[in-house]
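Structure file coords_27.txt; described as compact mmCIF, C-alpha atoms.
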```txt
# COMPACT_ATOMS: atom_id res chain seq x y z
CA MET H 711 -0.45 -4.62 -24.81
CA THR H 712 -2.40 -7.33 -23.03
CA GLN H 713 -2.44 -6.84 -19.27
CA ALA H 714 -2.82 -9.51 -16.59
CA ARG H 715 -5.44 -8.31 -14.11
CA ILE H 716 -6.88 -9.46 -10.81
CA HIS H 717 -10.27 -8.09 -9.71
CA ASN H 718 -12.64 -8.39 -6.77
CA PHE H 719 -10.26 -10.69 -4.95
CA SER H 720 -11.54 -10.67 -1.38
CA ILE H 721 -9.31 -11.32 1.61
CA SER H 722 -9.73 -11.18 5.37
CA LEU H 723 -7.68 -8.79 7.52
CA ASP H 724 -5.22 -11.59 8.01
CA GLY H 725 -4.89 -12.22 4.27
CA TYR H 726 -6.98 -15.35 3.74
CA ALA H 727 -8.92 -15.65 0.48
CA ALA H 728 -10.77 -18.77 1.60
CA GLY H 729 -11.31 -20.68 4.80
CA GLU H 730 -11.04 -24.39 5.35
CA PRO H 731 -11.90 -27.14 4.74
CA GLN H 732 -13.11 -26.56 1.20
CA SER H 733 -15.82 -28.89 -0.02
CA PHE H 734 -18.76 -29.13 -2.39
CA GLU H 735 -21.04 -27.81 0.34
CA SER H 736 -18.63 -25.08 1.46
CA PRO H 737 -16.43 -23.84 -1.39
CA PHE H 738 -14.93 -21.22 0.92
CA GLY H 739 -14.71 -23.40 4.01
CA HIS H 740 -15.45 -21.74 7.34
CA ALA H 741 -15.35 -18.32 5.63
CA GLY H 742 -18.79 -19.08 4.19
CA HIS H 743 -20.09 -16.09 2.22
CA ARG H 744 -18.50 -13.53 4.51
CA LEU H 745 -15.73 -12.58 2.08
CA HIS H 746 -18.13 -11.86 -0.77
CA GLN H 747 -21.18 -10.31 0.90
CA TRP H 748 -20.00 -6.87 -0.24
CA MET H 749 -20.26 -7.97 -3.87
CA PHE H 750 -23.70 -9.57 -3.55
CA ALA H 751 -24.95 -6.12 -2.47
CA THR H 752 -23.83 -4.38 -5.68
CA ARG H 753 -25.77 -3.53 -8.84
CA MET H 754 -23.41 -5.81 -10.75
CA TRP H 755 -24.87 -8.71 -8.79
CA GLY H 756 -28.52 -7.74 -8.80
CA PRO H 757 -30.89 -5.00 -9.93
CA ASP H 758 -31.50 -3.74 -6.40
CA GLY H 759 -27.81 -3.49 -5.59
CA SER H 760 -25.86 -0.36 -4.72
CA VAL H 761 -24.13 1.76 -7.33
CA GLY H 762 -21.47 3.17 -5.00
CA VAL H 763 -17.78 2.51 -4.75
CA ASP H 764 -18.17 -1.25 -4.26
CA ASN H 765 -20.06 -1.51 -7.53
CA ALA H 766 -17.67 0.78 -9.38
CA PHE H 767 -14.82 -1.53 -8.55
CA ALA H 768 -16.80 -4.74 -8.98
CA GLU H 769 -17.87 -3.93 -12.53
CA ARG H 770 -14.31 -3.46 -13.73
CA THR H 771 -13.79 -7.21 -13.57
CA ASN H 772 -15.32 -7.83 -16.99
CA ALA H 773 -14.21 -4.74 -18.92
CA GLY H 774 -11.85 -5.64 -21.73
CA ILE H 775 -11.19 -9.20 -20.61
CA GLY H 776 -10.54 -11.77 -23.34
CA ALA H 777 -9.54 -14.82 -21.29
CA GLU H 778 -9.28 -16.05 -17.71
CA ILE H 779 -6.78 -18.23 -15.89
CA MET H 780 -7.98 -19.98 -12.74
CA GLY H 781 -6.63 -22.59 -10.36
CA ALA H 782 -7.97 -26.10 -9.92
CA HIS H 783 -9.39 -25.10 -6.50
CA LYS H 784 -11.57 -22.46 -8.08
CA PHE H 785 -12.97 -24.81 -10.72
CA GLY H 786 -14.28 -27.40 -8.31
CA PRO H 787 -14.15 -29.02 -4.89
CA PRO H 788 -11.35 -31.44 -4.00
CA GLY H 789 -11.65 -34.48 -6.27
CA TRP H 790 -13.51 -32.87 -9.18
CA GLN H 791 -10.92 -34.33 -11.56
CA ASP H 792 -12.34 -37.78 -10.80
CA ASP H 793 -15.91 -36.77 -11.63
CA PRO H 794 -16.44 -36.88 -15.40
CA ALA H 795 -19.74 -35.01 -15.03
CA TRP H 796 -18.20 -31.98 -13.28
CA THR H 797 -18.32 -28.83 -15.43
CA GLY H 798 -17.60 -26.20 -12.78
CA TRP H 799 -19.75 -24.43 -10.18
CA TRP H 800 -21.55 -22.14 -12.59
CA GLY H 801 -24.13 -24.21 -14.50
CA GLU H 802 -24.67 -24.29 -18.26
CA ASN H 803 -23.83 -20.63 -18.83
CA PRO H 804 -20.81 -19.66 -16.74
CA PRO H 805 -20.12 -15.95 -16.15
CA PHE H 806 -16.80 -15.92 -18.00
CA HIS H 807 -17.93 -15.77 -21.66
CA THR H 808 -14.33 -16.20 -22.89
CA PRO H 809 -11.75 -18.95 -23.16
CA THR H 810 -10.97 -19.93 -19.57
CA PHE H 811 -7.85 -21.86 -18.63
CA VAL H 812 -7.97 -24.13 -15.59
CA LEU H 813 -4.54 -24.98 -14.22
CA THR H 814 -4.40 -28.67 -13.33
CA HIS H 815 -1.89 -31.46 -13.72
CA ARG H 816 -4.61 -33.85 -14.84
CA GLU H 817 -5.43 -34.09 -18.53
CA HIS H 818 -8.98 -33.14 -19.42
CA GLU H 819 -10.86 -32.50 -22.67
CA PRO H 820 -12.01 -28.91 -23.21
CA LEU H 821 -15.59 -28.14 -22.11
CA VAL H 822 -17.59 -25.92 -24.44
CA MET H 823 -20.29 -24.22 -22.40
CA ASP H 824 -23.12 -21.86 -23.32
CA GLY H 825 -22.50 -18.13 -23.57
CA GLY H 826 -18.99 -18.22 -24.97
CA THR H 827 -17.15 -19.90 -22.11
CA THR H 828 -14.84 -22.75 -23.07
CA PHE H 829 -12.88 -24.38 -20.26
CA HIS H 830 -9.41 -25.51 -21.30
CA PHE H 831 -7.29 -27.57 -18.91
CA LEU H 832 -3.63 -26.74 -18.76
CA SER H 833 -0.59 -27.96 -16.88
CA ALA H 834 1.89 -25.10 -17.19
CA PRO H 835 3.92 -22.66 -15.07
CA PRO H 836 2.52 -19.10 -14.79
CA ALA H 837 4.48 -17.51 -17.65
CA GLU H 838 3.53 -20.25 -20.09
CA ALA H 839 -0.12 -20.20 -18.99
CA LEU H 840 -0.20 -16.45 -19.47
CA ARG H 841 1.31 -16.77 -22.95
CA VAL H 842 -1.39 -19.26 -23.96
CA ALA H 843 -4.18 -17.18 -22.44
CA THR H 844 -2.85 -13.97 -24.01
CA GLU H 845 -3.00 -15.58 -27.43
CA ALA H 846 -6.56 -16.71 -26.77
CA ALA H 847 -7.53 -13.20 -25.54
CA GLU H 848 -6.91 -11.77 -29.04
CA GLY H 849 -5.63 -8.39 -27.91
CA LEU H 850 -7.81 -8.06 -24.82
CA ASP H 851 -6.63 -8.53 -21.23
CA VAL H 852 -6.28 -11.72 -19.21
CA ARG H 853 -7.95 -12.02 -15.83
CA ILE H 854 -6.10 -14.03 -13.17
CA GLY H 855 -9.14 -15.42 -11.43
CA GLY H 856 -7.65 -17.01 -8.31
CA GLY H 857 -7.66 -18.77 -5.90
CA ALA H 858 -4.99 -17.69 -3.50
CA GLN H 859 -2.28 -20.01 -4.74
CA VAL H 860 -2.68 -18.88 -8.34
CA VAL H 861 -2.62 -15.22 -7.31
CA ARG H 862 0.52 -15.83 -5.27
CA ASP H 863 2.24 -17.73 -8.07
CA PHE H 864 1.53 -15.06 -10.67
CA LEU H 865 2.61 -12.26 -8.31
CA ALA H 866 5.80 -14.10 -7.42
CA ALA H 867 6.57 -14.52 -11.11
CA GLY H 868 6.13 -10.75 -11.63
CA LEU H 869 3.32 -11.26 -14.14
CA VAL H 870 0.49 -9.19 -12.64
CA ASP H 871 -0.11 -5.67 -14.01
CA VAL H 872 -3.20 -4.70 -12.05
CA MET H 873 -4.56 -6.13 -8.79
CA HIS H 874 -7.71 -5.16 -6.95
CA LEU H 875 -8.05 -6.68 -3.49
CA VAL H 876 -11.02 -6.21 -1.19
CA MET H 877 -10.15 -6.37 2.47
CA VAL H 878 -13.08 -7.56 4.56
CA PRO H 879 -12.97 -6.71 8.28
CA ILE H 880 -12.94 -10.26 9.60
CA VAL H 881 -10.13 -12.42 10.98
CA LEU H 882 -10.31 -15.93 9.52
CA GLY H 883 -7.29 -17.39 11.27
CA ARG H 884 -6.78 -20.26 8.81
CA GLY H 885 -7.22 -21.13 5.16
CA GLU H 886 -5.43 -20.01 2.02
CA ARG H 887 -3.23 -16.94 2.52
CA ILE H 888 -2.19 -14.77 -0.39
CA TRP H 889 0.85 -13.02 1.10
CA ASP H 890 3.33 -15.81 1.71
CA GLY H 891 6.56 -15.64 -0.24
CA LEU H 892 5.96 -12.13 -1.58
CA GLU H 893 8.46 -10.09 0.43
CA GLY H 894 9.07 -6.72 -1.22
CA LEU H 895 5.98 -6.92 -3.45
CA GLY H 896 4.84 -3.42 -2.47
CA GLU H 897 7.86 -1.81 -4.12
CA SER H 898 6.67 -2.88 -7.57
CA TYR H 899 3.26 -1.23 -7.31
CA VAL H 900 1.55 2.04 -6.61
CA ILE H 901 -0.94 1.03 -3.93
CA GLU H 902 -4.14 2.93 -3.19
CA SER H 903 -6.59 2.29 -0.40
CA VAL H 904 -10.26 3.28 -0.55
CA PRO H 905 -12.77 2.46 2.18
CA SER H 906 -16.39 1.77 1.40
CA PRO H 907 -19.43 2.54 3.56
CA SER H 908 -20.09 -1.21 3.41
CA GLY H 909 -17.09 -1.74 5.69
CA VAL H 910 -14.68 -3.23 3.19
CA THR H 911 -11.53 -1.52 1.98
CA HIS H 912 -10.55 -1.60 -1.68
CA LEU H 913 -6.81 -1.92 -2.32
CA THR H 914 -5.58 -1.30 -5.84
CA PHE H 915 -2.11 -2.25 -7.03
CA THR H 916 -0.95 -0.58 -10.25
CA ARG H 917 2.36 -1.87 -11.53
CA ARG H 918 5.06 0.81 -11.68
CA SER H 919 6.42 1.36 -15.18
CA ALA H 920 9.67 -0.47 -15.75
CA ASP H 921 11.71 2.56 -16.87
CA MET W 534 -13.76 2.61 33.74
CA THR W 535 -10.17 2.16 32.72
CA GLN W 536 -9.82 1.06 29.10
CA ALA W 537 -6.98 -0.93 27.55
CA ARG W 538 -5.93 0.82 24.33
CA ILE W 539 -3.55 0.19 21.47
CA HIS W 540 -2.44 3.13 19.33
CA ASN W 541 -0.25 3.77 16.30
CA PHE W 542 0.51 0.10 15.93
CA SER W 543 1.93 -0.19 12.43
CA ILE W 544 1.73 -3.34 10.37
CA SER W 545 2.57 -4.33 6.83
CA LEU W 546 -0.09 -5.54 4.38
CA ASP W 547 0.78 -9.05 5.44
CA GLY W 548 0.37 -8.26 9.13
CA TYR W 549 3.95 -7.96 10.37
CA ALA W 550 4.68 -5.38 13.07
CA ALA W 551 8.44 -5.86 12.81
CA GLY W 552 10.86 -7.56 10.51
CA GLU W 553 13.77 -9.80 11.40
CA PRO W 554 16.31 -10.25 12.79
CA GLN W 555 15.87 -7.73 15.59
CA SER W 556 19.07 -6.30 17.01
CA PHE W 557 20.52 -3.23 18.70
CA GLU W 558 21.32 -1.76 15.29
CA SER W 559 17.98 -2.73 13.73
CA PRO W 560 15.17 -2.82 16.31
CA PHE W 561 12.67 -3.56 13.52
CA GLY W 562 14.87 -5.95 11.55
CA HIS W 563 14.62 -5.74 7.78
CA ALA W 564 11.55 -3.52 8.11
CA GLY W 565 13.87 -0.64 9.03
CA HIS W 566 11.89 2.58 9.48
CA ARG W 567 9.37 1.76 6.77
CA LEU W 568 6.55 0.92 9.17
CA HIS W 569 6.83 4.22 11.04
CA GLN W 570 7.72 6.78 8.38
CA TRP W 571 4.10 7.95 8.38
CA MET W 572 4.41 8.94 12.05
CA PHE W 573 7.74 10.74 11.66
CA ALA W 574 5.97 13.03 9.20
CA THR W 575 3.32 14.20 11.69
CA ARG W 576 3.17 17.29 13.87
CA MET W 577 3.23 15.03 16.90
CA TRP W 578 6.72 14.00 15.89
CA GLY W 579 8.12 17.37 14.86
CA PRO W 580 7.13 21.02 14.44
CA ASP W 581 7.16 20.84 10.64
CA GLY W 582 4.98 17.75 10.53
CA SER W 583 1.53 17.44 8.96
CA VAL W 584 -1.65 18.09 10.90
CA GLY W 585 -3.86 15.82 8.77
CA VAL W 586 -5.45 12.48 9.50
CA ASP W 587 -2.17 10.75 10.35
CA ASN W 588 -1.48 13.32 13.05
CA ALA W 589 -5.04 13.25 14.37
CA PHE W 590 -4.73 9.54 15.01
CA ALA W 591 -1.12 9.69 16.18
CA GLU W 592 -1.81 12.23 18.91
CA ARG W 593 -4.49 10.09 20.53
CA THR W 594 -1.81 7.75 21.85
CA ASN W 595 -1.09 9.90 24.90
CA ALA W 596 -4.53 11.26 25.74
CA GLY W 597 -5.74 9.98 29.08
CA ILE W 598 -3.11 7.28 29.48
CA GLY W 599 -2.01 6.50 33.03
CA ALA W 600 0.22 3.45 32.47
CA GLU W 601 1.74 1.34 29.70
CA ILE W 602 2.35 -2.36 29.32
CA MET W 603 5.03 -3.45 26.86
CA GLY W 604 6.76 -6.66 25.91
CA ALA W 605 10.40 -7.49 26.51
CA HIS W 606 11.08 -7.13 22.77
CA LYS W 607 9.97 -3.53 22.82
CA PHE W 608 12.13 -2.62 25.81
CA GLY W 609 15.41 -3.74 24.30
CA PRO W 610 17.27 -5.90 21.81
CA PRO W 611 17.71 -9.62 22.43
CA GLY W 612 19.86 -10.08 25.54
CA TRP W 613 19.11 -6.75 27.24
CA GLN W 614 18.29 -8.64 30.43
CA ASP W 615 22.00 -9.49 30.73
CA ASP W 616 23.15 -5.88 30.44
CA PRO W 617 22.82 -4.13 33.81
CA ALA W 618 23.32 -0.72 32.16
CA TRP W 619 20.37 -1.12 29.74
CA THR W 620 17.55 1.32 30.55
CA GLY W 621 15.54 1.10 27.30
CA TRP W 622 15.91 2.72 23.88
CA TRP W 623 14.69 6.14 24.90
CA GLY W 624 17.48 7.85 26.90
CA GLU W 625 17.11 9.60 30.26
CA ASN W 626 13.63 10.98 29.59
CA PRO W 627 11.51 8.30 27.91
CA PRO W 628 8.30 9.38 26.16
CA PHE W 629 5.97 7.46 28.49
CA HIS W 630 5.80 9.75 31.54
CA THR W 631 3.81 7.14 33.50
CA PRO W 632 4.42 3.84 35.25
CA THR W 633 5.43 1.43 32.48
CA PHE W 634 5.31 -2.32 32.92
CA VAL W 635 7.76 -4.47 30.97
CA LEU W 636 6.70 -8.10 30.70
CA THR W 637 9.70 -10.37 31.24
CA HIS W 638 10.35 -13.57 33.10
CA ARG W 639 13.63 -12.22 34.48
CA GLU W 640 13.56 -10.33 37.76
CA HIS W 641 14.72 -6.74 37.54
CA GLU W 642 14.69 -3.74 39.91
CA PRO W 643 12.42 -0.85 38.85
CA LEU W 644 14.11 1.93 36.90
CA VAL W 645 13.08 5.47 37.83
CA MET W 646 13.70 7.70 34.83
CA ASP W 647 13.31 11.44 34.28
CA GLY W 648 9.97 12.90 33.27
CA GLY W 649 7.72 10.59 35.23
CA THR W 650 8.51 7.26 33.60
CA THR W 651 9.23 4.37 35.94
CA PHE W 652 9.92 0.99 34.37
CA HIS W 653 8.58 -1.93 36.38
CA PHE W 654 9.43 -5.49 35.38
CA LEU W 655 6.68 -8.02 35.65
CA SER W 656 6.21 -11.72 34.97
CA ALA W 657 2.45 -12.15 34.67
CA PRO W 658 -0.24 -13.29 32.25
CA PRO W 659 -2.18 -10.53 30.44
CA ALA W 660 -5.12 -10.27 32.85
CA GLU W 661 -2.87 -9.99 35.88
CA ALA W 662 -0.58 -7.48 34.16
CA LEU W 663 -3.60 -5.37 33.22
CA ARG W 664 -4.87 -5.46 36.79
CA VAL W 665 -1.52 -4.19 38.10
CA ALA W 666 -1.25 -1.51 35.41
CA THR W 667 -4.86 -0.41 35.92
CA GLU W 668 -4.15 0.16 39.59
CA ALA W 669 -1.06 2.19 38.71
CA ALA W 670 -3.03 4.22 36.15
CA GLU W 671 -5.18 5.72 38.92
CA GLY W 672 -8.39 5.97 36.93
CA LEU W 673 -6.78 6.72 33.56
CA ASP W 674 -6.42 4.25 30.69
CA VAL W 675 -3.72 1.66 30.07
CA ARG W 676 -1.86 1.59 26.79
CA ILE W 677 -0.84 -1.82 25.44
CA GLY W 678 2.37 -0.74 23.78
CA GLY W 679 3.35 -3.85 21.81
CA GLY W 680 5.19 -5.56 20.21
CA ALA W 681 3.25 -8.04 18.19
CA GLN W 682 3.27 -10.87 20.68
CA VAL W 683 1.92 -8.69 23.47
CA VAL W 684 -0.81 -7.29 21.21
CA ARG W 685 -1.77 -10.82 20.17
CA ASP W 686 -1.81 -12.10 23.76
CA PHE W 687 -4.02 -9.26 25.01
CA LEU W 688 -6.39 -9.59 22.05
CA ALA W 689 -6.62 -13.35 22.51
CA ALA W 690 -7.46 -12.81 26.19
CA GLY W 691 -10.26 -10.41 25.22
CA LEU W 692 -8.72 -7.53 27.14
CA VAL W 693 -8.42 -4.82 24.47
CA ASP W 694 -11.10 -2.11 24.34
CA VAL W 695 -9.69 0.08 21.58
CA MET W 696 -7.16 -0.73 18.88
CA HIS W 697 -5.72 1.56 16.23
CA LEU W 698 -3.66 -0.18 13.57
CA VAL W 699 -1.86 1.55 10.73
CA MET W 700 -1.52 -0.57 7.62
CA VAL W 701 1.52 0.40 5.60
CA PRO W 702 1.50 -0.65 1.91
CA ILE W 703 4.55 -2.90 2.01
CA VAL W 704 4.87 -6.68 2.09
CA LEU W 705 7.47 -7.73 4.67
CA GLY W 706 7.21 -11.47 4.19
CA ARG W 707 8.69 -12.39 7.57
CA GLY W 708 8.93 -11.14 11.13
CA GLU W 709 6.38 -10.84 13.93
CA ARG W 710 2.78 -11.24 12.79
CA ILE W 711 -0.10 -9.92 14.84
CA TRP W 712 -2.96 -12.01 13.43
CA ASP W 713 -2.07 -15.57 14.37
CA GLY W 714 -4.47 -17.33 16.73
CA LEU W 715 -7.15 -14.63 16.54
CA GLU W 716 -9.84 -16.33 14.43
CA GLY W 717 -13.16 -14.54 14.85
CA LEU W 718 -11.64 -11.38 16.34
CA GLY W 719 -13.55 -9.11 13.96
CA GLU W 720 -16.89 -10.11 15.47
CA SER W 721 -16.01 -8.44 18.77
CA TYR W 722 -15.28 -5.03 17.26
CA VAL W 723 -16.75 -2.30 15.10
CA ILE W 724 -13.99 -1.82 12.54
CA GLU W 725 -13.47 1.37 10.56
CA SER W 726 -11.00 1.97 7.77
CA VAL W 727 -9.66 5.41 6.84
CA PRO W 728 -7.03 5.97 4.17
CA SER W 729 -4.51 8.79 4.43
CA PRO W 730 -2.93 10.77 1.59
CA SER W 731 0.39 9.49 2.97
CA GLY W 732 -0.51 6.05 1.66
CA VAL W 733 -1.22 4.31 4.96
CA THR W 734 -4.66 3.10 6.05
CA HIS W 735 -5.86 3.63 9.59
CA LEU W 736 -7.92 0.77 11.00
CA THR W 737 -9.80 1.36 14.23
CA PHE W 738 -11.31 -1.39 16.33
CA THR W 739 -13.91 -0.31 18.88
CA ARG W 740 -15.07 -3.09 21.16
CA ARG W 741 -18.77 -3.86 20.88
CA SER W 742 -20.65 -3.39 24.11
CA ALA W 743 -21.20 -6.64 25.96
CA ASP W 744 -24.99 -6.32 26.33
```

As structure tokens, the full file:
Amino acid sequence: MTQARIHNFSISLDGYAAGEPQSFESPFGHAGHRLHQWMFATRMWGPDGSVGVDNAFAERTNAGIGAEIMGAHKFGPPGWQDDPAWTGWWGENPPFHTPTFVLTHREHEPLVMDGGTTFHFLSAPPAEALRVATEAAEGLDVRIGGGAQVVRDFLAAGLVDVMHLVMVPIVLGRGERIWDGLEGLGESYVIESVPSPSGVTHLTFTRRSAD
Amino acid sequence: MTQARIHNFSISLDGYAAGEPQSFESPFGHAGHRLHQWMFATRMWGPDGSVGVDNAFAERTNAGIGAEIMGAHKFGPPGWQDDPAWTGWWGENPPFHTPTFVLTHREHEPLVMDGGTTFHFLSAPPAEALRVATEAAEGLDVRIGGGAQVVRDFLAAGLVDVMHLVMVPIVLGRGERIWDGLEGLGESYVIESVPSPSGVTHLTFTRRSAD
């Protein structure tokens, strides 16, 4: 069974996954790199990185993934739909290496990149997007890649099987929150909490079986 | 030096310290007892309770405290100011055993209770309230007892030296949030995270020295 999985999704203590305003220069707004510093320090990110608990969690993001779904805000800065040359933040060889579905209401031709990534552009509600991505994943899992609104929408629709959040000990105060509209979410998951010497806390959500 | 300390302050994943609506029957609204179940299971709360990490943190709440400051919402349900017989939730012998300052704009005579608790009623901004409570604490520390608005106000005023939050793995969705208006708070504290086998995560905030 294909699972829908969220990995390495970093939030502040107050639940923001990005600051504001988001722009080409500052994709995460006033949050800067503070939400992702923990990941840059892992072996997954670079050969001198740590191999501790941060890395153990970080590396899971690619295991067994056959497709990704991401929101328009993750694919580019505000207005990217009007720039025909925009192909995402990641250069010629994006780190996805699978079919990758960008949720946007604007029509857009698919972009075939190096390394196995093809960006498809899709206007669909969560369940329909997941159906399309599951078919493309050919038996592997689908990663829900964020941002906050996409995570929220898929959680609210009850479509997420596995979620790994990384709580960073900062208070952002403003930006995109992931918790709104999710009252009662905790009851559907077994939630574990694991602190790292780096200062972040890993939170894993494993969906309870439906029996 | 007297310190201002917050202990055992329980919040949901999304940062709510109480649900809604608050009433005599449901002091924590739709949160019920879910935010405090971890504490009821400790040795501090009862002789059969656990003596693990939850208890170790829980017991610190009373050590070296000479006065408490609490908000009007903690002292009673909405409208308690109009009930001359209301003396708090805690019966004849409240668990404070020190001078206890209730922040309210309504004038009210002090209430001398059994066991050393005297409730004083005070209309004052945080710094002034802390000055009064510090004097009453006679060299001991002052506990900031909550609820959420009081915690927020004292944090925003930079008056909190030590804070112990307990993050409970539930999503409440609505109620009283502690994080609003505190952008940048993390920079003033060394923050540690410790998970408990009970499922909660203890977060401690130790104020950085001002040098």

Report task. Check every residue of chain W for an atom within 6 Å of chain H, counting all atoms listed in the file, and provide those that qualify as an NGL selection string. Result -> :W and (547 or 703-706 or 712 or 715-719 or 726 or 728)

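Nearest residue to Ala681 (chain W), choosing from W:His606, W:Arg576, W:Arg538, W:His630 and counting all atoms listed in the file: W:His606.
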
**Report entry** From W:Pro643, W:Gly604, W:Pro610, W:Pro554, residue lying nearest Val684 (chain W) [all atoms listed in the file]
**Finding:**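 With all atoms listed in the file as the atom set, the closest residue is W:Gly604.
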
Query - Straight-line distance linking CA of Ile539 (chain W) with CA of Arg593 (chain W), stated in Å to one decimal - result: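 These atoms are spaced 10.0 Å apart.
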
Query raised in the report: Expressed in Å to a single decimal, how great is the separation between CA of Val763 (chain H) and CA of Trp748 (chain H)?
Result: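 CA of Trp748 (chain H) lies 10.6 Å from CA of Val763 (chain H).
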
Report task. Excluding Val860 (chain H) and any residue of its chain fewer than 6 positions from it, enumerate the residues within 12 Å of it, using only C-alpha atoms, and give them as a ChimeraX atom specification. Result -> /H:716,719,727,778-784,811-814,834-837,839-840,853-854,866-867,869-870,886-889

Query raised in the report: With distances taken over all atoms listed in the file, which of W:Phe652, W:Phe629, W:Tyr549, W:Trp613 is nearest to Gly599 (chain W)?
Result: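 Comparing W:Phe652, W:Phe629, W:Tyr549, W:Trp613 against Gly599 (chain W), the winner is W:Phe629.
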
**Report entry** Interatomic distance (Å, one decimal) between CA of Leu568 (chain W) and CA of Ser543 (chain W)
**Finding:**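 That distance, rounded to one decimal, is 5.8 Å.
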
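Using all atoms listed in the file, the nearest neighbour of Trp796 (chain H) within the list H:His717, H:Arg841, H:Arg918, H:His818 is H:His818.
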
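When only C-alpha atoms are used to measure the gap to Val675 (chain W), the shortest distance among W:Met696, W:Ala537, W:Met646, W:Met577 belongs to W:Ala537.
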
Query raised in the report: Got a sec: who's within 8 Å of Glu642 (chain W), counting only C-alpha atoms, leaving out chain neighbours fewer than 2 positions off, as a list in words?
Result: Glu640, Leu644, His653 and Phe654 of chain W

Query raised in the report: Of the candidates H:Thr844, H:Ser919, H:Ser733, H:Thr914, which shows the shortest atom-to-atom distance to Gly786 (chain H), using all atoms listed in the file?
Result: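 Closest candidate: H:Ser733.
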
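Neighbouring residues of region 846-849 of chain H at 8 Å or closer, counting only C-alpha atoms and skipping chain neighbours under 3 positions away, are Met711, Thr712, Ile775, Gly776, Ala777, Thr808, Pro809, Val842, Ala843 and Val852 of chain H.
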
With C-alpha atoms retained, could you export that selection as a short mmCIF file (atom, residue, chain, number, x, y, z; two decimals), keeping the file's coordinate frame?
```cif
data_model
loop_
_atom_site.label_atom_id
_atom_site.label_comp_id
_atom_site.auth_asym_id
_atom_site.auth_seq_id
_atom_site.Cartn_x
_atom_site.Cartn_y
_atom_site.Cartn_z
CA MET H 711 -0.45 -4.62 -24.81
CA THR H 712 -2.40 -7.33 -23.03
CA ILE H 775 -11.19 -9.20 -20.61
CA GLY H 776 -10.54 -11.77 -23.34
CA ALA H 777 -9.54 -14.82 -21.29
CA THR H 808 -14.33 -16.20 -22.89
CA PRO H 809 -11.75 -18.95 -23.16
CA VAL H 842 -1.39 -19.26 -23.96
CA ALA H 843 -4.18 -17.18 -22.44
CA VAL H 852 -6.28 -11.72 -19.21
#
```
